[in-house]
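K.L.:
I have a structure here, written as structure tokens, and I will follow up with some questions on it.
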Amino acid sequence: MSQDILINWSPQETRVAVVEQGAVQEVHLERTLERGLVGNIYLGKVSRVLPGMQSAFIDIGLDRAAFLHVADLMPNIAAKHATPRLPVVAAPAASAEPVPAMPANGAPKVLTPNPVLPIERQIFEGQALMVQVLKDPIGTKGARLTAQISIAGRLLVFLPQDNHIGVSQKIPPAQREALRQRLVRLTATADGSPAGGFILRTNAEDATDEELVDDTAYLRKTWLRIKEAATRQPSATLLHEDLNLMQRVLRDLVSAETQSIRIDSREQHGLLTGFAQEFMPDTVAKLQHYSGERPIFDLFNIDEDIVRALSRRVDLKSGGYLVIDQTEALTTVDVNTGGFVGARNFDDTVFRTNLEAAQAIARQLRLRNLGGIVIVDFIDMVRDDHREAVLTEFRKQLARDRVKTMIGGFSQLGLVEMTRKRTRESLAHMLSEPCEACAGRGVVKTARSVCYDILREILREARAFNPREFRVVGSPKVVELFLDEERAHLAGLSDFIGKPISLQSESSMTQEQYDIVLL
């Protein structure tokens, strides 16, 4: 499937759109003042260890402490990479890092440590620890960390604390072993022993030995620079920052299906070309400077798609529609026939609507960058072959997603449950914030409900205090209701407490806000 990548650059923001078959499939944003943290490496300080959760909070210099689970902590890694400025102790012998033992035949043997050693026996509060960000802070949650460092290059991913040599699962199985043996040979040190682990990326399938050796040298040099910085810098310090969005586009998004990469800034086009010539020469020919009169995102109406991606409702071409609701725990998608009545019978109408919805849902997950648990409520289908066909189409569309997804079948309630890996904020969270009027609930109390809340509050205050007068300050709609339909109730309360009640309209207040002033 042909793919085009459009890059819209401005000093404050970079926007990237991935277009497939004339329709935008993915949108990536990076703001100068809000750059993502995934891939960054920090020298953190353990601020709190939680044995009950087998996790720890790590101070890496952000507003909120980051989260580290014991499964993401390599044994004895803290002692190896701690700075002398903070106390560091070696973990107990049972937690020692795998040590290569060289028997007589010269074949390396790895001694496996105890994998269930509790976190409180591996790290302690105040300890310095080198960590890498796995997930950006999302909502009220801090960043997710790992102590298992990995550094991505153009062709390889370097695992400096591991000796594992692996190959991308997307490469055909028949070629993996030969590529692995080749990578073992190219990455071995002068004495033949491994010096860190490597994973061959998908785009390195046809790479030459020289290209792989160059990428290996670059990654090892980067790691040495990070280790050197760790010995000089204080805790809660950034040691290594991942590439910016445009550079990550070349590293992660460009494939053999990419036809062009168009960028609307001449200066950034030059910088990106220089970066590509040094690290990704195959992509240079695809880079183009867009100098048209129309904004680059107008070529495929991308701004309109972004606006629609912030809406709950997604209209289908057939007349049906989706309703997408994103919550803290999960995302729900409801499929409706809407105005689509079909041409044959009801079963055929439902099937065709669900089939179109399966394609639209997969696209919306990518476009909105929705992660976590997703529950899809397709319209009920009676025939098993229809259900299987919809599920097959859904899996086919999800297979195009770069982000890992897992999908089950139809449950007993007719729901499809799936998960999509979440590594950064969704598009809605990046572009919007909770409504001030409803605090994100989506609804507000009616003006009449607020009026009755005020009446009860006045009665409560009258029993506790003895002011000369009560003054109600509220939104125009609430005050207007008091002056009209609720006038009798307000006058009755005034007579009951024996105090005058005056009204004051305040346009800056939301419908639920009010003040009762005692004069």
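Each chain in the structure tokens gets a letter, A, B and so on, in the order shown; residues start at 1 in every chain, and ligands are counted from 1 in the order they appear.
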Select from segment 403-487 of chain A everything DSSP, run on the backbone, classes as strand (DSSP E), then give the selection as a ChimeraX atom specification.

P.N.:
/A:405-410,416-420,470-474

K.L.:
Residues within 10 Å of segment 211-215 of chain A, please, as a list of chain:residue names. Count only C-alpha atoms; anything in the same chain fewer than 3 positions from it doesn't count.

P.N.:
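Using only C-alpha atoms, the neighbours found are A:Ala152, A:Gly153, A:Arg154, A:Leu155, A:Leu156, A:Val157, A:Phe158, A:Arg182, A:Leu183, A:Leu186, A:Thr187, A:Leu200, A:Ala204, A:Ala207, A:Thr208, A:Tyr218, A:Leu219, A:Arg220, A:Lys221, A:Phe279, A:Met280.
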
K.L.:
When you look at Ala358 of chain A with a cut-off of 12 Å (counting only C-alpha atoms), what residues show up, excluding the ones that are within fewer than 6 positions of it in the same chain? I need them as a VMD selection string.

P.N.:
chain A and resid 316 321 to 322 333 to 335 351 to 352 364 to 365 376 to 379 387 to 398 416

K.L.:
Write out as a PDB file with N, CA, C and O atoms, in the first residue's frame the residues lying within 12 Å of segment 264-267 of chain A, counting only C-alpha atoms and excluding same-chain residues fewer than 4 positions away.

P.N.:
ATOM      1  N   ILE A   5       4.135  10.835   3.447  1.00  0.00           N
ATOM      2  CA  ILE A   5       4.312  11.465   4.756  1.00  0.00           C
ATOM      3  C   ILE A   5       4.425  12.966   4.555  1.00  0.00           C
ATOM      4  O   ILE A   5       5.260  13.434   3.769  1.00  0.00           O
ATOM      5  N   LEU A   6       3.568  13.716   5.234  1.00  0.00           N
ATOM      6  CA  LEU A   6       3.561  15.174   5.148  1.00  0.00           C
ATOM      7  C   LEU A   6       4.018  15.747   6.482  1.00  0.00           C
ATOM      8  O   LEU A   6       3.539  15.325   7.540  1.00  0.00           O
ATOM      9  N   ILE A   7       4.937  16.715   6.421  1.00  0.00           N
ATOM     10  CA  ILE A   7       5.466  17.336   7.630  1.00  0.00           C
ATOM     11  C   ILE A   7       5.188  18.836   7.582  1.00  0.00           C
ATOM     12  O   ILE A   7       5.641  19.526   6.665  1.00  0.00           O
ATOM     13  N   ASN A   8       4.439  19.303   8.561  1.00  0.00           N
ATOM     14  CA  ASN A   8       4.145  20.726   8.697  1.00  0.00           C
ATOM     15  C   ASN A   8       4.945  21.257   9.890  1.00  0.00           C
ATOM     16  O   ASN A   8       4.714  20.864  11.030  1.00  0.00           O
ATOM     17  N   TRP A   9       5.907  22.152   9.597  1.00  0.00           N
ATOM     18  CA  TRP A   9       6.807  22.640  10.656  1.00  0.00           C
ATOM     19  C   TRP A   9       6.561  24.113  10.945  1.00  0.00           C
ATOM     20  O   TRP A   9       6.314  24.918  10.047  1.00  0.00           O
ATOM     21  N   SER A  10       6.595  24.459  12.219  1.00  0.00           N
ATOM     22  CA  SER A  10       6.585  25.850  12.666  1.00  0.00           C
ATOM     23  C   SER A  10       7.469  25.918  13.905  1.00  0.00           C
ATOM     24  O   SER A  10       7.743  24.887  14.531  1.00  0.00           O
ATOM     25  N   PRO A  11       7.938  27.095  14.294  1.00  0.00           N
ATOM     26  CA  PRO A  11       8.845  27.175  15.447  1.00  0.00           C
ATOM     27  C   PRO A  11       8.256  26.577  16.726  1.00  0.00           C
ATOM     28  O   PRO A  11       8.990  26.076  17.572  1.00  0.00           O
ATOM     29  N   THR A  14       5.597  20.871  15.487  1.00  0.00           N
ATOM     30  CA  THR A  14       5.814  20.043  14.304  1.00  0.00           C
ATOM     31  C   THR A  14       4.667  19.044  14.211  1.00  0.00           C
ATOM     32  O   THR A  14       4.351  18.367  15.192  1.00  0.00           O
ATOM     33  N   ARG A  15       4.052  18.952  13.026  1.00  0.00           N
ATOM     34  CA  ARG A  15       2.944  18.019  12.815  1.00  0.00           C
ATOM     35  C   ARG A  15       3.288  17.098  11.651  1.00  0.00           C
ATOM     36  O   ARG A  15       3.772  17.563  10.610  1.00  0.00           O
ATOM     37  N   VAL A  16       3.020  15.820  11.838  1.00  0.00           N
ATOM     38  CA  VAL A  16       3.312  14.827  10.808  1.00  0.00           C
ATOM     39  C   VAL A  16       2.042  14.031  10.529  1.00  0.00           C
ATOM     40  O   VAL A  16       1.363  13.588  11.461  1.00  0.00           O
ATOM     41  N   MET A 246      10.758  14.822  13.553  1.00  0.00           N
ATOM     42  CA  MET A 246      11.093  14.656  12.134  1.00  0.00           C
ATOM     43  C   MET A 246      12.150  13.582  11.938  1.00  0.00           C
ATOM     44  O   MET A 246      12.093  12.796  10.981  1.00  0.00           O
ATOM     45  N   LEU A 271      18.095  20.535   6.960  1.00  0.00           N
ATOM     46  CA  LEU A 271      18.608  19.842   8.148  1.00  0.00           C
ATOM     47  C   LEU A 271      18.264  18.357   8.112  1.00  0.00           C
ATOM     48  O   LEU A 271      19.092  17.501   8.452  1.00  0.00           O
ATOM     49  N   LEU A 272      17.038  18.058   7.692  1.00  0.00           N
ATOM     50  CA  LEU A 272      16.606  16.668   7.641  1.00  0.00           C
ATOM     51  C   LEU A 272      17.357  15.898   6.548  1.00  0.00           C
ATOM     52  O   LEU A 272      17.680  14.722   6.721  1.00  0.00           O
ATOM     53  N   THR A 273      17.653  16.576   5.452  1.00  0.00           N
ATOM     54  CA  THR A 273      18.425  15.937   4.381  1.00  0.00           C
ATOM     55  C   THR A 273      19.825  15.595   4.873  1.00  0.00           C
ATOM     56  O   THR A 273      20.351  14.511   4.589  1.00  0.00           O
ATOM     57  N   GLY A 274      20.442  16.512   5.611  1.00  0.00           N
ATOM     58  CA  GLY A 274      21.767  16.248   6.170  1.00  0.00           C
ATOM     59  C   GLY A 274      21.747  15.066   7.128  1.00  0.00           C
ATOM     60  O   GLY A 274      22.657  14.218   7.112  1.00  0.00           O
ATOM     61  N   LEU A 287      12.846  12.596   0.175  1.00  0.00           N
ATOM     62  CA  LEU A 287      12.615  13.891   0.809  1.00  0.00           C
ATOM     63  C   LEU A 287      12.338  14.965  -0.238  1.00  0.00           C
ATOM     64  O   LEU A 287      13.085  15.096  -1.218  1.00  0.00           O
ATOM     65  N   GLN A 288      11.280  15.723  -0.038  1.00  0.00           N
ATOM     66  CA  GLN A 288      10.911  16.786  -0.971  1.00  0.00           C
ATOM     67  C   GLN A 288      10.546  18.040  -0.191  1.00  0.00           C
ATOM     68  O   GLN A 288       9.906  17.957   0.866  1.00  0.00           O
ATOM     69  N   HIS A 289      10.946  19.190  -0.724  1.00  0.00           N
ATOM     70  CA  HIS A 289      10.530  20.456  -0.110  1.00  0.00           C
ATOM     71  C   HIS A 289       9.234  20.908  -0.775  1.00  0.00           C
ATOM     72  O   HIS A 289       9.170  21.075  -1.995  1.00  0.00           O
ATOM     73  N   TYR A 290       8.188  21.103   0.018  1.00  0.00           N
ATOM     74  CA  TYR A 290       6.899  21.551  -0.509  1.00  0.00           C
ATOM     75  C   TYR A 290       6.859  23.077  -0.475  1.00  0.00           C
ATOM     76  O   TYR A 290       7.008  23.696   0.572  1.00  0.00           O
ATOM     77  N   SER A 291       6.644  23.659  -1.630  1.00  0.00           N
ATOM     78  CA  SER A 291       6.631  25.124  -1.723  1.00  0.00           C
ATOM     79  C   SER A 291       5.333  25.643  -2.332  1.00  0.00           C
ATOM     80  O   SER A 291       5.293  26.745  -2.872  1.00  0.00           O
ATOM     81  N   GLY A 292       4.277  24.850  -2.264  1.00  0.00           N
ATOM     82  CA  GLY A 292       3.004  25.256  -2.858  1.00  0.00           C
ATOM     83  C   GLY A 292       2.349  26.398  -2.111  1.00  0.00           C
ATOM     84  O   GLY A 292       2.703  26.732  -0.970  1.00  0.00           O
ATOM     85  N   GLU A 293       1.355  26.997  -2.750  1.00  0.00           N
ATOM     86  CA  GLU A 293       0.627  28.117  -2.155  1.00  0.00           C
ATOM     87  C   GLU A 293      -0.288  27.651  -1.022  1.00  0.00           C
ATOM     88  O   GLU A 293      -0.402  28.300   0.002  1.00  0.00           O
ATOM     89  N   ARG A 294      -0.941  26.521  -1.217  1.00  0.00           N
ATOM     90  CA  ARG A 294      -1.844  25.994  -0.190  1.00  0.00           C
ATOM     91  C   ARG A 294      -1.037  25.396   0.955  1.00  0.00           C
ATOM     92  O   ARG A 294       0.028  24.811   0.733  1.00  0.00           O
ATOM     93  N   PRO A 295      -1.525  25.521   2.196  1.00  0.00           N
ATOM     94  CA  PRO A 295      -0.862  24.829   3.315  1.00  0.00           C
ATOM     95  C   PRO A 295      -0.787  23.338   3.031  1.00  0.00           C
ATOM     96  O   PRO A 295      -1.705  22.748   2.459  1.00  0.00           O
ATOM     97  N   ILE A 296       0.307  22.718   3.440  1.00  0.00           N
ATOM     98  CA  ILE A 296       0.554  21.325   3.065  1.00  0.00           C
ATOM     99  C   ILE A 296      -0.524  20.389   3.597  1.00  0.00           C
ATOM    100  O   ILE A 296      -0.893  19.417   2.932  1.00  0.00           O
ATOM    101  N   PHE A 297      -1.085  20.681   4.769  1.00  0.00           N
ATOM    102  CA  PHE A 297      -2.112  19.801   5.318  1.00  0.00           C
ATOM    103  C   PHE A 297      -3.439  19.945   4.594  1.00  0.00           C
ATOM    104  O   PHE A 297      -4.318  19.087   4.736  1.00  0.00           O
ATOM    105  N   ASP A 298      -3.603  21.016   3.805  1.00  0.00           N
ATOM    106  CA  ASP A 298      -4.841  21.182   3.036  1.00  0.00           C
ATOM    107  C   ASP A 298      -4.900  20.240   1.840  1.00  0.00           C
ATOM    108  O   ASP A 298      -5.972  20.042   1.252  1.00  0.00           O
TER     109      ASP A 298
END

K.L.:
Name the residues in contact with Ala23 of chain A at a cut-off of 9 Å, using only C-alpha atoms, excluding same-chain residues fewer than 5 positions from it; report them as a PyMOL selection string.

P.N.:
chain A and resi 18+300-302

K.L.:
Please produce an output containing C-alpha atoms for each residue in the selection, written as a PDB file, in the first residue's frame.

P.N.:
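What landed in result-v1.pdb:
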ATOM      1  CA  VAL A  18       0.817   9.570   7.384  1.00  0.00           C
ATOM      2  CA  PHE A 300      -5.589  15.934   1.989  1.00  0.00           C
ATOM      3  CA  ASN A 301      -7.927  17.928   4.308  1.00  0.00           C
ATOM      4  CA  ILE A 302      -5.913  16.755   7.286  1.00  0.00           C
TER       5      ILE A 302
END

K.L.:
Quick one: everything within 12 Å of Arg463 of chain A, counting only C-alpha atoms, minus sequence neighbours fewer than 3 positions away in the same chain. Send it as a list of chain:residue names.

P.N.:
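Selected residues are A:Arg456, A:Glu457, A:Ile458, A:Leu459, A:Arg460, A:Asn466, A:Pro467, A:Phe496, A:Ile497, A:Gly498, A:Lys499.
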
K.L.:
From the set A:Ala329, A:Val314, A:Ile226, A:Ala66, which residue has the shortest atom-to-atom contact distance to Glu356 of chain A, counting only C-alpha atoms?

P.N.:
A:Val314

K.L.:
Going by DSSP on the backbone, which residues of segment 349-398 of chain A come out as alpha helix (DSSP H)? List them as JSON, numbers by chain.

P.N.:
{"A": [349, 350, 351, 352, 353, 354, 355, 356, 357, 358, 359, 360, 361, 362, 363, 364, 365, 366, 367, 368, 384, 385, 386, 387, 388, 389, 390, 391, 392, 393, 394, 395, 396, 397, 398]}

K.L.:
Between atom CA of Ala428 of chain A and atom CA of Ala309 of chain A, measure the distance and give it in Å to one decimal.

P.N.:
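Answer for the atom CA of Ala428 of chain A to atom CA of Ala309 of chain A separation: 7.7 Å.
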
K.L.:
For each of A:Asn40, A:Thr327, A:Asn369, A:Asn163, take the minimum atom-to-atom distance to Thr237 of chain A, counting only C-alpha atoms, then give the residue where this is smallest.

P.N.:
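Of the candidates, the smallest distance to Thr237 of chain A is held by A:Asn40.
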
K.L.:
Pick out the closest residue to Arg313 of chain A from this set: A:Ser475, A:Gln268, A:Gln127, A:Ala360. Count only C-alpha atoms.

P.N.:
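Looking only at the distances to Arg313 of chain A, the closest residue turns out to be A:Ala360.
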
K.L.:
Which distance in Å separates atom CA of Gly139 of chain A and atom CA of Asp325 of chain A, to one decimal?

P.N.:
16.1 Å

K.L.:
A:Gly338, A:Gly409, A:Gly371, A:Gly142: which is nearest Ser426 of chain A, counting only C-alpha atoms?

P.N.:
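Using only C-alpha atoms, Ser426 of chain A sits closest to A:Gly371.
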
K.L.:
Pick out the closest residue to Leu413 of chain A from this set: A:Leu129, A:Ala147, A:Val249, A:Met381. Count only C-alpha atoms.

P.N.:
A:Met381
